[in-house]
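Below: one structure, written as structure tokens.
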Amino acid sequence: MPNATPRPREARYAPHPARRPTRTLTTALLALPLTFLPVVPATALSTASGAPAHITRDAGGDAATAASTGRRASADTAASTDRHASASTAASTDRHASASTDRHASASTAASTDRHASAGTEAAAGTLSATSAPQGRVALIGVPGLEWSDLDETRTPALWRLVAEGASASLSTRAVPPPDRGITCPTAGWLTVSAGQRAGTEGKGCPAPPTPQQEGQGATVPSWAALSAYQAETGYDAKLGTLGQLVTDGGGKVAAIGPGAALAAADKSGNIARYTPTLDTLDSLGDLTPYNLIVLDASALSDAWSKQPLDEYGVPTPLTPAARQAAVTQADQQVGTLISRLPTGTTVLLAGISDVTPNAHLHVAIATGPSPDGRPYPHGHLTATSTRQDALVAITDLTATTIQLLGLPAAREVVGRSWQPGGPAPATPAETVTELADGDLASQVLREVRGPFFAVLVTVQLLFYAFAALALRLRRRRTQTPEANPTDAATADAPATAATGADAEPTDAEPTGAERKATRHPGAEHTTTDRVSSVVAGPIAGAGEGAGPSTDAGTGSGMSTDAGTGTPSDLAASADAGAGTSVGPLATAGTGAGAEAGVVQASASKLLKAVQLVAVLSGAIAISTFLAQLVPWWTLPVPMLSVIVTILGIAALITALAFAGPWRAHVLGPLTVVAAVTSLALLIDVMTGSKLQVNAVTGYEPVTGGRFYGFSNIAFAIYATGTVLGLAGVAQWLLGRGVSRVVVVALCSVYGAFAVFADGWPSWGADFGGVPAFVIGLAVFLLLLSGKRVSLLRLVVVGLAGAAIVGALSVVDWLRPETQRTHLGTFVQQIIDGQAWTVVGRKFGAMVGVTVGNWSLTLLSLVALAFLFLVLARPSRWGAAALGLAYREAPAFRAGLFGALTCAFVGFLMNDSGIAIPAMALTVAVPLTLAACVRALQLATPTPPAPRSEPAAPRRAGA
């Protein structure tokens with residue numbers, strides 16, 4: 001939300017007093033890891049545009065603003081001082097003028113060194129060229145609001161011809177939206193092209209681009225200083241005029257046609273060398289051959305939209321279909337007029353740079369003519385390393401593409417990447433248009449179903465937790481054993497099993513062997529309680545509190561020094577302290593008096609079987625939301641119903657697999673299958689381009705443009721939870737077959753390390769905040785599995801190790817050429833440039849906003865935790881706490897659950913998605929935990945009831 005009272009102009013432009021020391025310190029800190037890395041060849045740091053390797057683009061590179069006043073310096077002066085600064089002056093005048101010059105040089109050098117070095121730098125500046133002369137010619141045509149569904153062979157012949165000749169893609173136009181509306185206004189779109197970074201305008205609604213004030217053959221954008229100053233308040237700090245300044249600094253010529261084009265083509269002072277307001281006066285520009293950059297605002301659509309009535313947010317209402325078609329036809333004529341005047345060899349970049357609807361859309365992106373590698377753009381799809389998706393590019397890529405096509409050095413302010421030829425497109429323009437229009441349709445359907453889907457998901461989960469709680473806790477008094485007579489007591493003294501009597505389940509055999517023996521030890525007393533786990537995991541570890549007398553019922557934290565050490569039986573004994581031995585209803589679950597009273601055994605309860613089945617199905621929902629992308633559900637008649645049916649169908653298939661084999665008889669069998677499918681599916685997806693996450697209801701939306709590749713925060717939460725729980729199930733299976741604990745821990749460490757690597761590697765997951773959380777959660781799991789104590793010191797060391805890993809991956813990414821970096825390497829550069837706090841502040845604000853504003857996910861998280869602690873960790877209608885029994889039957893499960901919950905909590909603190917991370921992690925972990933607990937109840941061996949205590953002796957009066 002913009003500030004109601006803007007800061008004074010001098011305050012907006014004043015340099016931050018701590019920025020220079022901060023930049024120096026952060027540069028020194030980042031240099032430390034580089035000393036341990038091999039020397040990088042100079043060519044690795046050169047730009048992809050072919051700039052010489054010895055030319056650097058330091059933070060003071062933007063000091064070259066000689067043409068920012070719109071007045072060219074004389075030839076002999078420009079040769080020595082224009083666009084240069086000496087090395088000795090750059091460090092002290094980085095983007096700021098000295099106080100004595102007040103942002104201006106002396107009169108003799110004002111035209112060539114605007115806001116920078118004194119006349120004494122002229123001689124030295126002549127030896128270094130910060131920019132190279134523009135090469136080639138680019139026509140950048142913006143058609144605000146143009147969508148693929150607007151194209152028609154008859155109504156838009158010029159656009160149709162461009163599709164047939166060149167490469168095409170969907171364009172994500174996300175910029176800085178107006179308050180309360182998630183759209184990109186035309187002015188914001190043009191400003192984003194100018195800066196190469198998301199930009200916007202102050203106030204609500206979509207103001208029209210300001211009309212440039214013509215001065216001779218050129219023009220000046222009014223209120224440019226205010227537009228530039230406002231960008232510092234958006235969280236992106238876009239530098240307006242970056243594109244135009246680079247071209248003019250290189251000696252190139254820029255021409256703009258229309259008000260919007262003037263915003264994109266202006267230099268950092270808001271000046272345009274050659275300007276004409278409409279195509280009717282195009283002849284005033286003369287021959288277009290000398291121009292390196294020609295920008296056209298084909299504004300027929302946005303002009304028609306701006307005349308519509310405004311809604312309550314100050315945004316125009318939608319155009320009627322007839323009015324939209326007429327405006328598109330007019331825009332096509334504007335495009336055709338310019339193209340007919342362009343010289344041969346001109347690269348045409350056409351983009352629908354904004355929305356002209358109340359809702360955001362994907363728009364048109366077409367490129368024809370020479371590509372960055374010199375060869376013509378072929379008929380096919382466009383792509384960019386910013387999205388890593390075929391047929392999908394971003395609006396900031398438009399700026400980067402123009403810069404690279406002109407042979408100019410990449411600017412650090414530009415976050416986009418150049419458009420490159422992608423995969424093959426359909427053979428005909430009609431098929432290409434239909435395919436890309438279908439992509440926008442998917443994004444619109446996703447926007448419509450995402451909110452209702454999460455509402456349904458939260459509601460169903462809450463109802464299921466309530467149902468499961470009733471199933472486990474209801475009618476406990478009915479299961480109490482009637483007062484035992486001597487005959488009943490004699491019967492109860494006989495050994496009993498969980499599967500005796502007429503109602504016993506004969507199909508699922510119980511685990512046998514060492515694993516089964518390991519789970520039958522009496523409760524072992526914990527001698528040491530971990531002070532960390534007593535806070536974080538105490539309620540889970542003390543799962544059997546109140547379940548009956550055990551040697552240490554409810555006192556152990558579950559992370560003691562004895563937990564998990566030695567043989568599996570040792571770990572079982574530790575877990576059994578939480579489970580305890582029951583003297584209550586569980587004693588009557590077998591035969592004898594309890595059976596005569598009509599009590600149903602847990603192993604034969606149809607209600608418990610239903611709970612287990614639904615729990616496994618619920619745990620498979622999360623991964624099914626991604627696998628549903630294998631089916632084009634958005635093309636079906638009723639999208640909302642289609643996506644729900646598709647997700648439920650895939651989840652049912654996974655559930656069937658979980659119960660298909662002999663593993664269904666084990667406590668962690670179904671859990672392990674679902675968790676393994678979750679981990680492997682997302683791992684394979686992220687290694688092959690993250691196709692399943694695009695337009696998934698729990699993935700990322702290209703329209704929003706928050707992320708296009710790698711692990712989104714929600715996908716990370718699901719992936720990490722599935723990985724840790726899956727490893728716990730595999731570890732328990734191996735331990736039950738007598739495999740050495742050292743070998744089991746080593747195997748889990750290998751896969752876990754690879755999973756973390758896949759999450760953080762820039763070419764795969766590229767997940768900055770997920771790596772530390774994943775490392776800490778995995779370390780907690782491995783420590784508990786190996787029987788080591790989880791102390792605060794170890795958690796701190798592991799956290800530092802996670803930070804070091806993601807830092808090393810970021811530095812490695814930063815060492816690559818700028819055009820190939822992901823956001824990991826970009827963040828390193830932002831630290832060096834002193835802009836890191838802008839990014840951190842924006843991420844923190846997003847995290848708080850999601851946590852506070854998304855009440856449904858917050859409610860789901862609280863209810864899931866309450867169900868875990870207050871239902872599963874307390875006595876059930878069958879006596880002992882179900883979670884404690886699950887720990888006793890599968891000791892490795894406790895380590896896995898602790899690790900998964902720890903990962904979710906740290907991820908909540910480290911990422912901008914806030915409560916969404918633990919909410920989705922719990923959506924996987926809690927239902928699968930419930931399934932394991934139900935199976936543990938079914939396998940539990942009833943214990944005989946304890947004899948009734950003698951009544952207390954009466955006290956004498958006055959005693």
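Residue numbering restarts at 1 for every chain of the structure tokens, chains are lettered A, B, ... in their displayed order, and ligands are numbered from 1 as they appear.
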
Give me the residues within 9 Å of segment 903-905 of chain A as an MDAnalysis selection string, counting only C-alpha atoms and dropping any in the same chain fewer than 5 places off. chainID A and resid 717 720:721 770 772:778 780 898 910 917:922

Go ahead and save the residues from that selection, with C-alpha atoms, as an mmCIF file, in the first residue's frame.
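Saved the output as out11.cif:
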data_model
loop_
_atom_site.group_PDB
_atom_site.id
_atom_site.type_symbol
_atom_site.label_atom_id
_atom_site.label_comp_id
_atom_site.auth_asym_id
_atom_site.auth_seq_id
_atom_site.Cartn_x
_atom_site.Cartn_y
_atom_site.Cartn_z
ATOM 1 C CA ALA A 717 6.909 -28.569 2.214
ATOM 2 C CA ALA A 720 10.514 -32.583 2.433
ATOM 3 C CA THR A 721 7.763 -34.155 4.540
ATOM 4 C CA GLY A 770 14.253 -24.589 1.849
ATOM 5 C CA PRO A 772 18.533 -24.809 5.719
ATOM 6 C CA ALA A 773 15.109 -26.061 6.851
ATOM 7 C CA PHE A 774 15.576 -29.370 5.047
ATOM 8 C CA VAL A 775 19.074 -29.846 6.476
ATOM 9 C CA ILE A 776 17.908 -29.213 10.040
ATOM 10 C CA GLY A 777 14.875 -31.489 9.753
ATOM 11 C CA LEU A 778 16.898 -34.268 8.153
ATOM 12 C CA VAL A 780 17.065 -34.261 13.617
ATOM 13 C CA PHE A 898 10.123 -35.203 14.695
ATOM 14 C CA MET A 910 12.760 -19.097 6.422
ATOM 15 C CA ILE A 917 4.482 -24.390 4.607
ATOM 16 C CA PRO A 918 3.535 -26.034 7.945
ATOM 17 C CA ALA A 919 -0.083 -26.267 6.786
ATOM 18 C CA MET A 920 0.824 -28.346 3.727
ATOM 19 C CA ALA A 921 3.409 -30.367 5.656
ATOM 20 C CA LEU A 922 0.799 -31.254 8.254
#

Residues within 9 Å of segment 179-196 of chain A, please, as a VMD selection string. Count only C-alpha atoms; anything in the same chain fewer than 4 positions from it doesn't count. chain A and resid 1 to 2 142 144 to 145 173 to 175 200 to 201 203 to 210 227 238 to 244 260 to 267 302 313 315 353 to 361 395 to 400 411 413 to 416 704

One decimal, in Å: what's the spacing between atom CA of Ser690 of chain A and atom CA of Tyr709 of chain A?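 Value for the atom CA of Ser690 of chain A-atom CA of Tyr709 of chain A distance: 5.8 Å.
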
Close residues, Val254 of chain A itself excluded, 10 Å, only C-alpha atoms, min 6 positions apart in chain, as a list in words: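 Non-adjacent residues within range: Val138, Gly218, Gly244, Gln245, Val247, Thr248, Ala262, Ala265, Ala266, Asp267, Ile272, Ala273, Arg274, Tyr275, Pro290, Tyr291, Asn292, Leu293, Ile294 and Val295 of chain A.
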
Could you jot down the atom CA of Ile718 of chain A to atom CA of Pro632 of chain A separation for me, Å, one decimal place? 22.5 Å

Nearest to Leu928 of chain A by atom-to-atom distance, counting only C-alpha atoms, from A:Val790, A:Val667, A:Leu457, A:Leu785: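 Smallest separation from Leu928 of chain A among the options: A:Val667.
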
Report as an mmCIF file with N, CA, C and O atoms, in the first residue's frame all protein, DNA and RNA residues lying within 6 Å of Leu668 of chain A, evaluated on only C-alpha atoms, omitting residues in the same chain fewer than 3 positions from it.
data_model
loop_
_atom_site.group_PDB
_atom_site.id
_atom_site.type_symbol
_atom_site.label_atom_id
_atom_site.label_comp_id
_atom_site.auth_asym_id
_atom_site.auth_seq_id
_atom_site.Cartn_x
_atom_site.Cartn_y
_atom_site.Cartn_z
ATOM 1 N N LEU A 671 2.002 -45.792 4.974
ATOM 2 C CA LEU A 671 2.683 -44.494 5.106
ATOM 3 C C LEU A 671 3.917 -44.428 4.224
ATOM 4 O O LEU A 671 4.150 -43.430 3.535
ATOM 5 N N THR A 672 4.711 -45.487 4.229
ATOM 6 C CA THR A 672 5.958 -45.488 3.456
ATOM 7 C C THR A 672 5.676 -45.408 1.963
ATOM 8 O O THR A 672 6.379 -44.700 1.229
ATOM 9 N N GLY A 729 10.127 -44.906 7.208
ATOM 10 C CA GLY A 729 9.531 -46.202 6.910
ATOM 11 C C GLY A 729 10.539 -47.195 6.371
ATOM 12 O O GLY A 729 10.541 -48.373 6.769
ATOM 13 N N ALA A 932 -0.863 -44.787 10.578
ATOM 14 C CA ALA A 932 0.074 -45.642 11.323
ATOM 15 C C ALA A 932 -0.449 -45.942 12.716
ATOM 16 O O ALA A 932 -0.318 -47.069 13.224
#

Shell around segment 328-336 of chain A at 8 Å using only C-alpha atoms, local window under 4 positions removed, as a ChimeraX atom specification: /A:141,143,146,150,155-159,279,298-301,324,340

Using only C-alpha atoms, which residue out of A:Gln938, A:Thr678, A:Gln197, A:Asn271 lies closest to Gln214 of chain A?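 Checking each candidate against Gln214 of chain A, we get A:Asn271 as the closest.
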
Check the DSSP output for the backbone and give back, as a CSV table (one decimal) with all heavy atoms, in the first residue's frame, the residues of segment 185-222 of chain A in strand (DSSP E or B).
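Below is the file that was written, selection.csv:
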chain,number,residue,atom,x,y,z
A,213,GLN,N,5.9,15.9,-23.0
A,213,GLN,CA,6.0,17.3,-23.4
A,213,GLN,C,7.1,17.4,-24.5
A,213,GLN,O,8.3,17.2,-24.2
A,213,GLN,CB,6.4,18.2,-22.2
A,213,GLN,CG,5.4,18.1,-21.1
A,213,GLN,CD,5.9,18.9,-19.8
A,213,GLN,OE1,7.0,19.3,-19.7
A,213,GLN,NE2,5.0,19.1,-18.9
A,214,GLN,N,6.7,17.7,-25.7
A,214,GLN,CA,7.6,17.7,-26.8
A,214,GLN,C,8.5,19.0,-26.8
A,214,GLN,O,8.0,20.1,-26.5
A,214,GLN,CB,6.8,17.7,-28.1
A,214,GLN,CG,6.1,16.3,-28.3
A,214,GLN,CD,5.5,16.2,-29.7
A,214,GLN,OE1,4.3,16.3,-29.9
A,214,GLN,NE2,6.3,16.0,-30.7
A,215,GLU,N,9.7,18.7,-27.1
A,215,GLU,CA,10.7,19.8,-27.2
A,215,GLU,C,11.5,19.6,-28.4
A,215,GLU,O,12.4,18.8,-28.5
A,215,GLU,CB,11.6,19.8,-26.0
A,215,GLU,CG,10.9,20.0,-24.6
A,215,GLU,CD,11.9,19.8,-23.4
A,215,GLU,OE1,13.1,19.6,-23.7
A,215,GLU,OE2,11.4,19.9,-22.3
A,218,GLY,N,12.5,15.9,-29.8
A,218,GLY,CA,12.4,15.0,-28.7
A,218,GLY,C,11.2,15.4,-27.8
A,218,GLY,O,10.3,16.1,-28.1
A,219,ALA,N,11.3,14.8,-26.6
A,219,ALA,CA,10.2,15.0,-25.6
A,219,ALA,C,10.7,14.6,-24.2
A,219,ALA,O,11.8,14.0,-24.1
A,219,ALA,CB,9.0,14.2,-25.9
A,220,THR,N,10.0,15.1,-23.2
A,220,THR,CA,10.3,14.8,-21.8
A,220,THR,C,9.0,14.2,-21.1
A,220,THR,O,7.9,14.8,-21.3
A,220,THR,CB,10.8,16.0,-21.1
A,220,THR,OG1,12.0,16.5,-21.7
A,220,THR,CG2,11.1,15.7,-19.6

Using only C-alpha atoms for the distances, tell me which of A:Pro370, A:Gly166, A:Pro178, A:Gly235 is nearest to Arg198 of chain A.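 Under the stated criterion, the closest residue is A:Gly235.
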
Fewer than 5 positions away in the same chain doesn't count, so skip those; otherwise give me all residues within 8 Å of segment 860-867 of chain A, counting only C-alpha atoms, as a PyMOL selection string. chain A and resi 458+461-462+465+469+872+915+918-919+922-923+926

Hey, can you check how far atom CA of Lys609 of chain A sits from atom CA of Ala676 of chain A?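 Computing the Euclidean distance for atom CA of Lys609 of chain A and atom CA of Ala676 of chain A yields 22.2 Å.
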
Write down as an MDAnalysis selection string the residues of segment 692-753 of chain A whose backbone DSSP state falls under alpha helix (DSSP H). chainID A and resid 713:736 741:753

Write to file, as a compact mmCIF listing (two decimals), in the first residue's frame, the residues of the selection just made, with N, CA and C atoms.
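Produced file selection.txt, reproduced below:
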# COMPACT_ATOMS: atom_id res chain seq x y z
N ASN A 713 7.39 -23.00 -2.56
CA ASN A 713 7.42 -23.23 -1.11
C ASN A 713 6.47 -24.35 -0.69
N ILE A 714 5.29 -24.38 -1.30
CA ILE A 714 4.34 -25.45 -0.95
C ILE A 714 4.86 -26.79 -1.42
N ALA A 715 5.42 -26.83 -2.64
CA ALA A 715 5.98 -28.09 -3.15
C ALA A 715 7.13 -28.55 -2.27
N PHE A 716 7.94 -27.62 -1.79
CA PHE A 716 9.04 -27.99 -0.89
C PHE A 716 8.50 -28.62 0.39
N ALA A 717 7.46 -28.02 0.97
CA ALA A 717 6.91 -28.57 2.21
C ALA A 717 6.43 -30.00 2.01
N ILE A 718 5.76 -30.26 0.90
CA ILE A 718 5.25 -31.60 0.62
C ILE A 718 6.40 -32.55 0.34
N TYR A 719 7.37 -32.09 -0.43
CA TYR A 719 8.53 -32.92 -0.80
C TYR A 719 9.37 -33.29 0.42
N ALA A 720 9.69 -32.31 1.26
CA ALA A 720 10.51 -32.58 2.43
C ALA A 720 9.81 -33.51 3.41
N THR A 721 8.51 -33.29 3.63
CA THR A 721 7.76 -34.16 4.54
C THR A 721 7.71 -35.58 4.02
N GLY A 722 7.43 -35.74 2.73
CA GLY A 722 7.41 -37.08 2.16
C GLY A 722 8.76 -37.76 2.23
N THR A 723 9.82 -36.99 2.01
CA THR A 723 11.16 -37.58 2.05
C THR A 723 11.51 -38.10 3.43
N VAL A 724 11.31 -37.29 4.45
CA VAL A 724 11.69 -37.68 5.81
C VAL A 724 10.83 -38.85 6.30
N LEU A 725 9.52 -38.79 6.09
CA LEU A 725 8.66 -39.89 6.53
C LEU A 725 8.94 -41.15 5.72
N GLY A 726 9.21 -41.02 4.44
CA GLY A 726 9.56 -42.20 3.64
C GLY A 726 10.84 -42.85 4.11
N LEU A 727 11.84 -42.05 4.46
CA LEU A 727 13.08 -42.61 4.98
C LEU A 727 12.85 -43.31 6.32
N ALA A 728 11.95 -42.77 7.13
CA ALA A 728 11.64 -43.42 8.41
C ALA A 728 11.03 -44.80 8.17
N GLY A 729 10.13 -44.91 7.21
CA GLY A 729 9.53 -46.20 6.91
C GLY A 729 10.54 -47.19 6.37
N VAL A 730 11.40 -46.76 5.48
CA VAL A 730 12.44 -47.65 4.94
C VAL A 730 13.40 -48.07 6.04
N ALA A 731 13.77 -47.12 6.91
CA ALA A 731 14.68 -47.44 8.00
C ALA A 731 14.08 -48.49 8.92
N GLN A 732 12.80 -48.37 9.25
CA GLN A 732 12.16 -49.36 10.12
C GLN A 732 12.12 -50.73 9.45
N TRP A 733 11.86 -50.76 8.15
CA TRP A 733 11.82 -52.03 7.43
C TRP A 733 13.20 -52.70 7.44
N LEU A 734 14.25 -51.92 7.24
CA LEU A 734 15.60 -52.49 7.24
C LEU A 734 15.99 -52.96 8.64
N LEU A 735 15.67 -52.16 9.65
CA LEU A 735 16.01 -52.56 11.02
C LEU A 735 15.28 -53.83 11.40
N GLY A 736 14.04 -53.98 10.96
CA GLY A 736 13.29 -55.18 11.28
C GLY A 736 13.84 -56.42 10.65
N ARG A 741 22.31 -50.85 12.30
CA ARG A 741 21.83 -49.49 12.41
C ARG A 741 22.77 -48.51 11.73
N VAL A 742 24.04 -48.77 11.77
CA VAL A 742 25.01 -47.88 11.10
C VAL A 742 24.75 -47.86 9.60
N VAL A 743 24.49 -49.03 9.03
CA VAL A 743 24.21 -49.11 7.60
C VAL A 743 22.91 -48.39 7.27
N VAL A 744 21.90 -48.55 8.10
CA VAL A 744 20.61 -47.90 7.86
C VAL A 744 20.76 -46.39 7.89
N VAL A 745 21.46 -45.89 8.89
CA VAL A 745 21.67 -44.44 8.99
C VAL A 745 22.46 -43.93 7.78
N ALA A 746 23.44 -44.70 7.35
CA ALA A 746 24.24 -44.29 6.19
C ALA A 746 23.39 -44.22 4.92
N LEU A 747 22.54 -45.23 4.72
CA LEU A 747 21.69 -45.22 3.53
C LEU A 747 20.71 -44.05 3.55
N CYS A 748 20.12 -43.81 4.70
CA CYS A 748 19.21 -42.66 4.82
C CYS A 748 19.94 -41.35 4.60
N SER A 749 21.18 -41.27 5.06
CA SER A 749 21.97 -40.05 4.88
C SER A 749 22.26 -39.80 3.40
N VAL A 750 22.54 -40.87 2.66
CA VAL A 750 22.87 -40.72 1.25
C VAL A 750 21.67 -40.17 0.48
N TYR A 751 20.52 -40.81 0.64
CA TYR A 751 19.35 -40.31 -0.09
C TYR A 751 18.93 -38.93 0.41
N GLY A 752 19.03 -38.72 1.72
CA GLY A 752 18.66 -37.41 2.25
C GLY A 752 19.56 -36.31 1.72
N ALA A 753 20.87 -36.60 1.64
CA ALA A 753 21.78 -35.59 1.09
C ALA A 753 21.47 -35.29 -0.37

Using only C-alpha atoms, which residue out of A:Glu202, A:Asp280, A:Asp237, A:Asp303 lies closest to Gln830 of chain A?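 When distances to Gln830 of chain A are compared using only C-alpha atoms, the smallest one comes from A:Asp237.
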
Which residue of A:Pro222, A:Gly760, A:Phe659, A:Thr902 approaches Gly799 of chain A most closely, using only C-alpha atoms: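 Smallest distance to Gly799 of chain A is found for A:Thr902.
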